[in-house]
Amino acid sequence: IGTVSPRRLISLGGVIPIVTPEEMAAVDAAAPVPVDTLVDRAGREVARVALAMLGAAYGRVVTIIAGGGNNGADGRVAGACLARRGVHVRMIDASSCPTVLPPSDLVIDAAIGTGYRVGTTRCWVAPDVPPTSRRGAATMVLAVDVPSGIDALTGAGGPGVLPADRTVTFQALKPGLVLGAGARLAGDVEVVDIGLDVSGARQHLVEPQDAEAWWPARSVDAHKWHGAVRIIAGSPGMLGAGRLCAAAAARSGAGLVSLSSPGVDPGARSEVVQPRLDATDFAGPVLADLDRFDALVVGPGLGRDDRVAAAVRTLIAAAELPLVIDGDGLFAAARGDGIAALLRSRGRPTVLTPHDGEFELLTGERPGHDRVAVTSALAVELSSTVLLKGPTTVVASADGSVLVVDHGDERLATAGSGDVLAGMIGAALAAGASADHAAAAAAWFHADAAHRGPRHGLLAGDIVDLLPIARSDRR
């Protein structure tokens with residue numbers, strides 16, 4: 001995904017679908033050609049990728065670990081193709097794989113694929129892969145569909161996984177390639193076309209061209225009240241949350257940003273309007289002036305005072321414009337009669353941005369391994385867009401569809417980073433983006449800006465300053 005990506009995704013072009021193993025099995029069953037034809041196509045693609053990794057065929061040594069199912073069959077077809085090109089192929093049955101493999105230039109992992117499930121499938125313990133006999137270079141590993149020992153649904157890893165330099169997967173990504181340990185252990189991922197129909201996929205990966213297309217362009221005749229964002233954030237001791245949120249909204253293209261930290265002067269930068277509000281009785285004054293704004297962000301650093309929470313709930317229920325609820329706003333929304341009744345009555349686009357702890361606050365339990373399923377279920381229940389933060393960000397819409405952003409890395413795990421993201425989503429909503437596109441595009445550019453900073457010591461404020469560069473480079 002360009003020079004700033006943590007890894008490469010080599011796609012078959014267009015929007016990249018993500019399908020679960022169960023969905024993929026249904027797609028395979030509905031295929032207009034026999035299974036043997038699909039296996040032959042898949043095996044030939046594996047051989048093509050293997051040759052590209054090797055750089056040459058004659059004299060190269062490839063070890064293939066092949067299981068008993070279609071994954072192993074793909075590996076055997078690949079082996080036959082490679083042998084015809086002059087590669088020395090060593091085929092090893094996965095059921096009797098030695099603990100240490102003999103030296104080779106490439107190992108093809110076709111042992112299990114999508115069939116592995118943590119806790120329900122026989123454990124896979126990866127063999128040791130010694131350096132190749134040629135030039136002392138490290139042996140490369142190519143995984144077929146999913147690295148063996150990775151749960152293709154959740155990305156959770158079993159007791160032993162053979163890390164891949166590259167994974168070739170068929171027709172669509174699997175969730176386990178972008179979530180959990182799978183996202184780290186799959187290496188570069190190549191999605192290849194073998195003639196299957198995945199047009200009904202309900203999950204898709206967000207790519208740079210998607211993020212750019214979803215973020216509305218500012219017109220040449222725009223003025224400051226076009227795309228104006230109102231922010232209620234910050235409190236004594238947590239003023240930075242509001243400042244970061246407001247700065248991010250401004251740097252993301254909002255025409256005007258108005259920030260209030262109830263009961264205190266926010267101390268934000270001079271470009272931000274900063275009207276004073278009462279410490280607790282602020283819902284009425286905010287609502288009275290909202291008709292001039294295009295989006296509202298509520299919650300970063302507000303604190304959890306009962307009176308503040310009550311005012312926030314009043315705002316959420318009565319605000320007739322797109323809304324982002326973040327941080328302490330989620331705590332407030334979960335109070336009283338609960339969040340479901342509060343949000344169902346809104347009738348306006350709403351984006352919730354929980355991390356795992358806030359997700360537990362909303363639902364009573366942490367997300368668990370299947371982050372996609374639980375985020376989608378919550379979005380449907382609340383008739384809202386839910387953005388679940390994490391190493392891979394999951395954005396679920398009210399209709400249950402999901403967008404996945406796997407562009408981020410550990411640089412985003414810093415205090416204030418979530419406040420920046422909330423301001424960005426507010427700016428995208430104010431510009432006219434739909435709730436799911438605003439959340440997904442903001443998450444992608446949020447990560448992209450972080451990639452442009454130092455690997456160590458990046459602060460949330462640095463992300464804010466890098467946002468215009470991340471956006472401009474995509475124009």
# chains A, B, ... in the order shown; residues from 1 in each chain; ligands from 1
$ closest_atom_pairs --of "range 24-50 of chain A" --to "range 62-65 of chain A" --cutoff "12 Å" --atoms "only C-alpha atoms" --output "Markdown table"
| residue | atom | partner | partner_atom | distance |
| --- | --- | --- | --- | --- |
| A:Gly43 | CA | A:Ile64 | CA | 11.9 |
| A:Val46 | CA | A:Ile64 | CA | 11.1 |
| A:Ala47 | CA | A:Val62 | CA | 10.6 |
| A:Ala50 | CA | A:Val62 | CA | 8.9 |
$ residues_around --residues "Ala211 in chain A" --least-positions-apart "3" --cutoff "9 Å" --atoms "only C-alpha atoms" --output "PDB file with C-alpha atoms, in the first residue's frame"
ATOM      1  CA  VAL A 206     -10.015  -0.265   3.148  1.00  0.00           C
ATOM      2  CA  GLU A 207      -7.333   0.755   0.659  1.00  0.00           C
ATOM      3  CA  PRO A 208      -5.851   4.216   0.050  1.00  0.00           C
ATOM      4  CA  TRP A 214     -14.831   8.635   0.625  1.00  0.00           C
ATOM      5  CA  TRP A 215     -13.514  11.921   2.009  1.00  0.00           C
ATOM      6  CA  HIS A 437     -17.088   6.041   5.228  1.00  0.00           C
ATOM      7  CA  ALA A 438     -16.186   8.899   7.573  1.00  0.00           C
ATOM      8  CA  ALA A 440     -13.118   4.186   7.887  1.00  0.00           C
ATOM      9  CA  ALA A 441     -11.443   6.968   5.907  1.00  0.00           C
ATOM     10  CA  ALA A 442     -10.462   8.803   9.090  1.00  0.00           C
ATOM     11  CA  ALA A 443      -8.980   5.621  10.535  1.00  0.00           C
ATOM     12  CA  TRP A 444      -6.939   5.063   7.371  1.00  0.00           C
ATOM     13  CA  PHE A 445      -5.565   8.629   7.192  1.00  0.00           C
TER      14      PHE A 445
END
$ closest_residue --among "A:Gly336, A:Gly329, A:Gly195, A:Pro300" --to "Leu244 in chain A" --atoms "only C-alpha atoms"
A:Pro300
$ atom_distance --atom1 "CA of Gly187 in chain A" --atom2 "CA of Leu142 in chain A"
8.9 Å
$ select_by_dssp --residues "range 231-416 of chain A" --states "strand (DSSP E)" --output "JSON, numbers by chain"
{"A": [231, 232, 257, 258, 259, 260, 295, 296, 297, 298, 323, 324, 325, 350, 351, 352, 385, 386, 387, 388, 393, 394, 395, 396, 402, 403, 404, 405]}
$ write_last_selection --atoms "N, CA, C and O atoms" --output "mmCIF file, in the first residue's frame"
data_model
loop_
_atom_site.group_PDB
_atom_site.id
_atom_site.type_symbol
_atom_site.label_atom_id
_atom_site.label_comp_id
_atom_site.auth_asym_id
_atom_site.auth_seq_id
_atom_site.Cartn_x
_atom_site.Cartn_y
_atom_site.Cartn_z
ATOM 1 N N ILE A 231 -17.386 20.754 19.127
ATOM 2 C CA ILE A 231 -16.757 19.741 19.975
ATOM 3 C C ILE A 231 -16.979 20.080 21.446
ATOM 4 O O ILE A 231 -16.727 21.214 21.873
ATOM 5 N N ILE A 232 -17.471 19.105 22.201
ATOM 6 C CA ILE A 232 -17.606 19.227 23.650
ATOM 7 C C ILE A 232 -16.657 18.191 24.242
ATOM 8 O O ILE A 232 -16.917 16.985 24.210
ATOM 9 N N VAL A 257 -13.954 25.236 13.656
ATOM 10 C CA VAL A 257 -14.030 24.310 14.785
ATOM 11 C C VAL A 257 -14.312 25.120 16.047
ATOM 12 O O VAL A 257 -13.622 26.099 16.340
ATOM 13 N N SER A 258 -15.353 24.705 16.766
ATOM 14 C CA SER A 258 -15.719 25.353 18.026
ATOM 15 C C SER A 258 -15.587 24.328 19.142
ATOM 16 O O SER A 258 -16.247 23.286 19.128
ATOM 17 N N LEU A 259 -14.713 24.601 20.099
ATOM 18 C CA LEU A 259 -14.431 23.684 21.207
ATOM 19 C C LEU A 259 -14.844 24.300 22.529
ATOM 20 O O LEU A 259 -14.475 25.431 22.839
ATOM 21 N N SER A 260 -15.595 23.544 23.317
ATOM 22 C CA SER A 260 -15.908 23.937 24.685
ATOM 23 C C SER A 260 -15.528 22.815 25.629
ATOM 24 O O SER A 260 -15.869 21.653 25.405
ATOM 25 N N ALA A 295 -21.541 18.875 12.231
ATOM 26 C CA ALA A 295 -21.273 17.651 12.988
ATOM 27 C C ALA A 295 -20.916 18.029 14.417
ATOM 28 O O ALA A 295 -20.433 19.135 14.691
ATOM 29 N N LEU A 296 -21.164 17.091 15.326
ATOM 30 C CA LEU A 296 -20.889 17.284 16.752
ATOM 31 C C LEU A 296 -20.034 16.128 17.249
ATOM 32 O O LEU A 296 -20.293 14.969 16.930
ATOM 33 N N VAL A 297 -18.983 16.446 18.009
ATOM 34 C CA VAL A 297 -18.151 15.436 18.664
ATOM 35 C C VAL A 297 -18.285 15.629 20.171
ATOM 36 O O VAL A 297 -18.091 16.740 20.681
ATOM 37 N N VAL A 298 -18.611 14.565 20.879
ATOM 38 C CA VAL A 298 -18.846 14.643 22.324
ATOM 39 C C VAL A 298 -18.044 13.570 23.046
ATOM 40 O O VAL A 298 -18.065 12.403 22.642
ATOM 41 N N LEU A 323 -23.133 12.796 14.591
ATOM 42 C CA LEU A 323 -22.546 12.818 15.929
ATOM 43 C C LEU A 323 -21.460 11.760 16.075
ATOM 44 O O LEU A 323 -21.620 10.622 15.621
ATOM 45 N N VAL A 324 -20.356 12.146 16.716
ATOM 46 C CA VAL A 324 -19.307 11.210 17.124
ATOM 47 C C VAL A 324 -19.313 11.148 18.650
ATOM 48 O O VAL A 324 -19.232 12.177 19.316
ATOM 49 N N ILE A 325 -19.421 9.935 19.196
ATOM 50 C CA ILE A 325 -19.373 9.740 20.649
ATOM 51 C C ILE A 325 -18.094 8.984 20.975
ATOM 52 O O ILE A 325 -17.893 7.848 20.529
ATOM 53 N N THR A 350 -24.606 8.367 13.472
ATOM 54 C CA THR A 350 -23.913 8.329 14.754
ATOM 55 C C THR A 350 -22.738 7.371 14.661
ATOM 56 O O THR A 350 -22.875 6.249 14.167
ATOM 57 N N VAL A 351 -21.576 7.824 15.137
ATOM 58 C CA VAL A 351 -20.375 6.986 15.152
ATOM 59 C C VAL A 351 -19.897 6.847 16.587
ATOM 60 O O VAL A 351 -19.679 7.850 17.278
ATOM 61 N N LEU A 352 -19.734 5.604 17.044
ATOM 62 C CA LEU A 352 -19.174 5.307 18.351
ATOM 63 C C LEU A 352 -17.759 4.777 18.151
ATOM 64 O O LEU A 352 -17.518 3.979 17.237
ATOM 65 N N THR A 385 -22.960 3.392 13.570
ATOM 66 C CA THR A 385 -21.662 2.907 13.116
ATOM 67 C C THR A 385 -20.756 2.765 14.325
ATOM 68 O O THR A 385 -20.660 3.675 15.153
ATOM 69 N N VAL A 386 -20.107 1.610 14.448
ATOM 70 C CA VAL A 386 -19.208 1.349 15.571
ATOM 71 C C VAL A 386 -17.803 1.129 15.025
ATOM 72 O O VAL A 386 -17.584 0.264 14.172
ATOM 73 N N LEU A 387 -16.864 1.925 15.521
ATOM 74 C CA LEU A 387 -15.451 1.774 15.178
ATOM 75 C C LEU A 387 -14.743 1.197 16.387
ATOM 76 O O LEU A 387 -14.613 1.865 17.410
ATOM 77 N N LEU A 388 -14.326 -0.057 16.292
ATOM 78 C CA LEU A 388 -13.605 -0.714 17.386
ATOM 79 C C LEU A 388 -12.113 -0.539 17.141
ATOM 80 O O LEU A 388 -11.559 -1.047 16.163
ATOM 81 N N THR A 393 -8.324 -1.941 12.878
ATOM 82 C CA THR A 393 -9.554 -1.229 13.223
ATOM 83 C C THR A 393 -10.730 -1.824 12.462
ATOM 84 O O THR A 393 -10.661 -2.030 11.243
ATOM 85 N N VAL A 394 -11.810 -2.101 13.174
ATOM 86 C CA VAL A 394 -13.019 -2.669 12.579
ATOM 87 C C VAL A 394 -14.118 -1.617 12.616
ATOM 88 O O VAL A 394 -14.446 -1.081 13.680
ATOM 89 N N VAL A 395 -14.683 -1.295 11.448
ATOM 90 C CA VAL A 395 -15.765 -0.323 11.333
ATOM 91 C C VAL A 395 -17.005 -1.064 10.846
ATOM 92 O O VAL A 395 -17.040 -1.559 9.713
ATOM 93 N N ALA A 396 -18.015 -1.141 11.703
ATOM 94 C CA ALA A 396 -19.243 -1.849 11.361
ATOM 95 C C ALA A 396 -20.393 -0.866 11.211
ATOM 96 O O ALA A 396 -20.535 0.073 11.999
ATOM 97 N N VAL A 402 -19.105 -4.505 7.138
ATOM 98 C CA VAL A 402 -17.879 -4.186 7.869
ATOM 99 C C VAL A 402 -16.797 -3.692 6.929
ATOM 100 O O VAL A 402 -16.601 -4.238 5.838
ATOM 101 N N LEU A 403 -16.091 -2.657 7.366
ATOM 102 C CA LEU A 403 -14.886 -2.183 6.707
ATOM 103 C C LEU A 403 -13.724 -2.369 7.664
ATOM 104 O O LEU A 403 -13.846 -2.059 8.851
ATOM 105 N N VAL A 404 -12.608 -2.868 7.158
ATOM 106 C CA VAL A 404 -11.457 -3.191 7.992
ATOM 107 C C VAL A 404 -10.275 -2.326 7.573
ATOM 108 O O VAL A 404 -9.960 -2.220 6.391
ATOM 109 N N VAL A 405 -9.630 -1.701 8.544
ATOM 110 C CA VAL A 405 -8.446 -0.875 8.302
ATOM 111 C C VAL A 405 -7.265 -1.536 9.000
ATOM 112 O O VAL A 405 -7.211 -1.576 10.231
#
$ closest_residue --among "A:Pro285, A:Gly240, A:Pro163, A:Gly182" --to "Asp406 in chain A" --atoms "only C-alpha atoms"
A:Gly182
$ atom_distance --atom1 "CA of Gly284 in chain A" --atom2 "CA of Gly263 in chain A"
14.5 Å
$ residues_around --residues "Glu410 in chain A" --least-positions-apart "4" --cutoff "12 Å" --atoms "only C-alpha atoms" --output "compact mmCIF listing (two decimals) with all heavy atoms, in the first residue's frame"
# COMPACT_ATOMS: atom_id res chain seq x y z
N PRO A 6 3.16 -0.79 6.60
CA PRO A 6 3.96 -1.75 7.35
C PRO A 6 4.16 -3.06 6.62
O PRO A 6 5.04 -3.83 6.93
CB PRO A 6 3.14 -1.95 8.63
CG PRO A 6 1.74 -1.62 8.25
CD PRO A 6 1.86 -0.52 7.21
N GLY A 390 -8.03 -0.80 17.63
CA GLY A 390 -7.13 -1.91 17.89
C GLY A 390 -6.03 -1.92 16.85
O GLY A 390 -5.99 -1.07 15.97
N PRO A 391 -5.11 -2.89 16.92
CA PRO A 391 -4.07 -2.99 15.90
C PRO A 391 -4.65 -3.03 14.49
O PRO A 391 -4.08 -2.49 13.55
CB PRO A 391 -3.36 -4.30 16.26
CG PRO A 391 -3.60 -4.47 17.73
CD PRO A 391 -4.97 -3.91 17.96
N THR A 392 -5.79 -3.71 14.36
CA THR A 392 -6.61 -3.62 13.15
C THR A 392 -7.94 -3.01 13.55
O THR A 392 -8.59 -3.48 14.48
CB THR A 392 -6.83 -5.01 12.53
OG1 THR A 392 -5.57 -5.55 12.12
CG2 THR A 392 -7.75 -4.92 11.32
N ASP A 406 -6.32 -2.05 8.21
CA ASP A 406 -5.16 -2.72 8.81
C ASP A 406 -3.88 -1.94 8.56
O ASP A 406 -2.79 -2.48 8.55
CB ASP A 406 -5.02 -4.15 8.28
CG ASP A 406 -4.47 -4.22 6.86
OD1 ASP A 406 -4.59 -3.21 6.13
OD2 ASP A 406 -3.91 -5.26 6.49
N THR A 414 -0.70 5.55 21.69
CA THR A 414 -0.15 6.62 22.51
C THR A 414 -1.27 7.50 23.01
O THR A 414 -2.32 7.61 22.35
CB THR A 414 0.88 7.45 21.70
OG1 THR A 414 1.50 8.40 22.55
CG2 THR A 414 0.22 8.16 20.54
N ALA A 415 -1.08 8.09 24.18
CA ALA A 415 -2.13 8.91 24.79
C ALA A 415 -2.55 10.03 23.84
O ALA A 415 -1.71 10.75 23.30
CB ALA A 415 -1.63 9.49 26.10
N SER A 417 -4.12 9.71 20.97
CA SER A 417 -4.31 9.29 19.58
C SER A 417 -5.80 9.12 19.25
O SER A 417 -6.26 9.50 18.16
CB SER A 417 -3.57 7.98 19.34
OG SER A 417 -3.82 7.46 18.06
N ALA A 447 -3.85 6.47 10.53
CA ALA A 447 -2.71 5.56 10.50
C ALA A 447 -1.64 6.04 9.52
O ALA A 447 -0.43 5.95 9.81
CB ALA A 447 -3.19 4.16 10.11
N ALA A 450 0.51 8.68 10.97
CA ALA A 450 1.46 8.15 11.95
C ALA A 450 2.65 7.49 11.28
O ALA A 450 3.78 7.59 11.77
CB ALA A 450 0.74 7.15 12.86
N HIS A 451 2.43 6.83 10.14
CA HIS A 451 3.54 6.19 9.42
C HIS A 451 4.58 7.20 8.96
O HIS A 451 5.74 6.83 8.72
CB HIS A 451 3.02 5.44 8.19
CG HIS A 451 2.28 4.19 8.52
ND1 HIS A 451 2.73 3.27 9.44
CD2 HIS A 451 1.11 3.69 8.05
CE1 HIS A 451 1.87 2.28 9.53
NE2 HIS A 451 0.88 2.51 8.70
N GLY A 453 5.68 9.65 10.69
CA GLY A 453 6.44 10.13 11.83
C GLY A 453 7.51 9.14 12.23
O GLY A 453 7.68 8.08 11.62
N PRO A 454 8.27 9.46 13.27
CA PRO A 454 9.34 8.57 13.73
C PRO A 454 8.79 7.26 14.28
O PRO A 454 7.66 7.20 14.77
CB PRO A 454 10.02 9.38 14.84
CG PRO A 454 8.97 10.33 15.31
CD PRO A 454 8.16 10.68 14.11
N ARG A 455 9.59 6.23 14.19
CA ARG A 455 9.16 4.92 14.66
C ARG A 455 8.99 4.91 16.18
O ARG A 455 8.14 4.19 16.71
CB ARG A 455 10.19 3.87 14.26
CG ARG A 455 9.72 2.44 14.42
CD ARG A 455 8.82 2.02 13.27
NE ARG A 455 8.12 0.78 13.54
CZ ARG A 455 7.34 0.18 12.66
NH1 ARG A 455 7.15 0.73 11.47
NH2 ARG A 455 6.74 -0.94 12.95
N HIS A 456 9.79 5.72 16.86
CA HIS A 456 9.72 5.77 18.31
C HIS A 456 9.51 7.22 18.77
O HIS A 456 10.05 8.15 18.18
CB HIS A 456 11.01 5.22 18.92
CG HIS A 456 11.34 3.82 18.50
ND1 HIS A 456 10.64 2.73 18.95
CD2 HIS A 456 12.27 3.35 17.63
CE1 HIS A 456 11.13 1.64 18.40
NE2 HIS A 456 12.12 1.99 17.59
N GLY A 457 8.73 7.38 19.82
CA GLY A 457 8.53 8.70 20.40
C GLY A 457 7.50 9.57 19.71
O GLY A 457 7.40 10.77 20.01
N LEU A 458 6.69 9.00 18.82
CA LEU A 458 5.65 9.77 18.16
C LEU A 458 4.56 10.14 19.16
O LEU A 458 4.08 9.28 19.91
CB LEU A 458 5.04 8.98 17.00
CG LEU A 458 4.01 9.72 16.15
CD1 LEU A 458 4.72 10.69 15.21
CD2 LEU A 458 3.15 8.74 15.35
N LEU A 459 4.16 11.41 19.20
CA LEU A 459 3.10 11.88 20.08
C LEU A 459 1.83 12.13 19.29
O LEU A 459 1.87 12.32 18.07
CB LEU A 459 3.54 13.16 20.79
CG LEU A 459 4.80 13.07 21.65
CD1 LEU A 459 5.12 14.43 22.25
CD2 LEU A 459 4.64 12.02 22.74
$ atom_distance --atom1 "CA of Gly416 in chain A" --atom2 "CA of Ala470 in chain A"
18.6 Å
$ closest_residue --among "A:Asp278, A:Asp105, A:Asp28, A:Glu320" --to "Gln171 in chain A" --atoms "only C-alpha atoms"
A:Asp28
$ closest_residue --among "A:Leu106, A:Leu361, A:Leu173, A:Ala430" --to "Met140 in chain A" --atoms "only C-alpha atoms"
A:Leu106
$ select_by_dssp --residues "range 55-230 of chain A" --states "helix (DSSP H, G or I)" --output "MDAnalysis selection string"
chainID A and resid 70:84 94:96 113:115 175:177 180:185 208:214
$ residues_around --residues "Ala201 in chain A" --least-positions-apart "3" --cutoff "7 Å" --atoms "only C-alpha atoms" --output "ChimeraX atom specification"
/A:17-19,198
$ write_last_selection --atoms "C-alpha atoms" --output "mmCIF file, in the first residue's frame"
data_model
loop_
_atom_site.group_PDB
_atom_site.id
_atom_site.type_symbol
_atom_site.label_atom_id
_atom_site.label_comp_id
_atom_site.auth_asym_id
_atom_site.auth_seq_id
_atom_site.Cartn_x
_atom_site.Cartn_y
_atom_site.Cartn_z
ATOM 1 C CA PRO A 17 -13.448 -8.500 -0.144
ATOM 2 C CA ILE A 18 -12.926 -10.354 3.121
ATOM 3 C CA VAL A 19 -14.829 -13.608 3.607
ATOM 4 C CA VAL A 198 -17.364 -13.277 -3.864
#
$ residues_around --residues "Met238 in chain A" --least-positions-apart "4" --cutoff "10 Å" --atoms "only C-alpha atoms" --output "ChimeraX atom specification"
/A:233-234,242-243,261,266,300-303
$ residues_around --residues "Ala427 in chain A" --least-positions-apart "4" --cutoff "7 Å" --atoms "only C-alpha atoms" --output "short mmCIF file (atom, residue, chain, number, x, y, z; two decimals) with N, CA, C and O atoms, in the first residue's frame"
data_model
loop_
_atom_site.label_atom_id
_atom_site.label_comp_id
_atom_site.auth_asym_id
_atom_site.auth_seq_id
_atom_site.Cartn_x
_atom_site.Cartn_y
_atom_site.Cartn_z
N GLY A 227 -18.87 22.69 6.59
CA GLY A 227 -18.07 21.68 7.30
C GLY A 227 -17.64 22.12 8.67
O GLY A 227 -16.53 21.80 9.12
N VAL A 229 -17.50 22.11 12.72
CA VAL A 229 -17.55 21.04 13.71
C VAL A 229 -17.65 21.64 15.12
O VAL A 229 -16.86 22.51 15.49
N ALA A 249 -9.63 18.04 13.93
CA ALA A 249 -10.75 18.42 13.06
C ALA A 249 -10.34 19.54 12.11
O ALA A 249 -10.65 19.51 10.92
N SER A 252 -7.97 18.40 9.47
CA SER A 252 -8.62 17.48 8.54
C SER A 252 -9.56 18.17 7.57
O SER A 252 -10.25 17.50 6.79
N GLY A 253 -9.63 19.50 7.63
CA GLY A 253 -10.38 20.23 6.63
C GLY A 253 -11.65 20.89 7.10
O GLY A 253 -12.39 21.46 6.28
N ALA A 254 -11.97 20.84 8.40
CA ALA A 254 -13.17 21.52 8.88
C ALA A 254 -13.04 23.03 8.65
O ALA A 254 -11.98 23.61 8.89
N GLY A 423 -11.74 13.72 16.30
CA GLY A 423 -11.83 14.99 15.59
C GLY A 423 -11.82 14.80 14.09
O GLY A 423 -12.55 15.49 13.36
N ALA A 431 -18.14 17.27 6.49
CA ALA A 431 -17.94 17.49 5.05
C ALA A 431 -18.95 16.75 4.20
O ALA A 431 -19.03 16.98 2.99
#
$ closest_residue --among "A:Pro367, A:Gly72, A:Pro322, A:Pro21" --to "Pro175 in chain A" --atoms "only C-alpha atoms"
A:Pro21
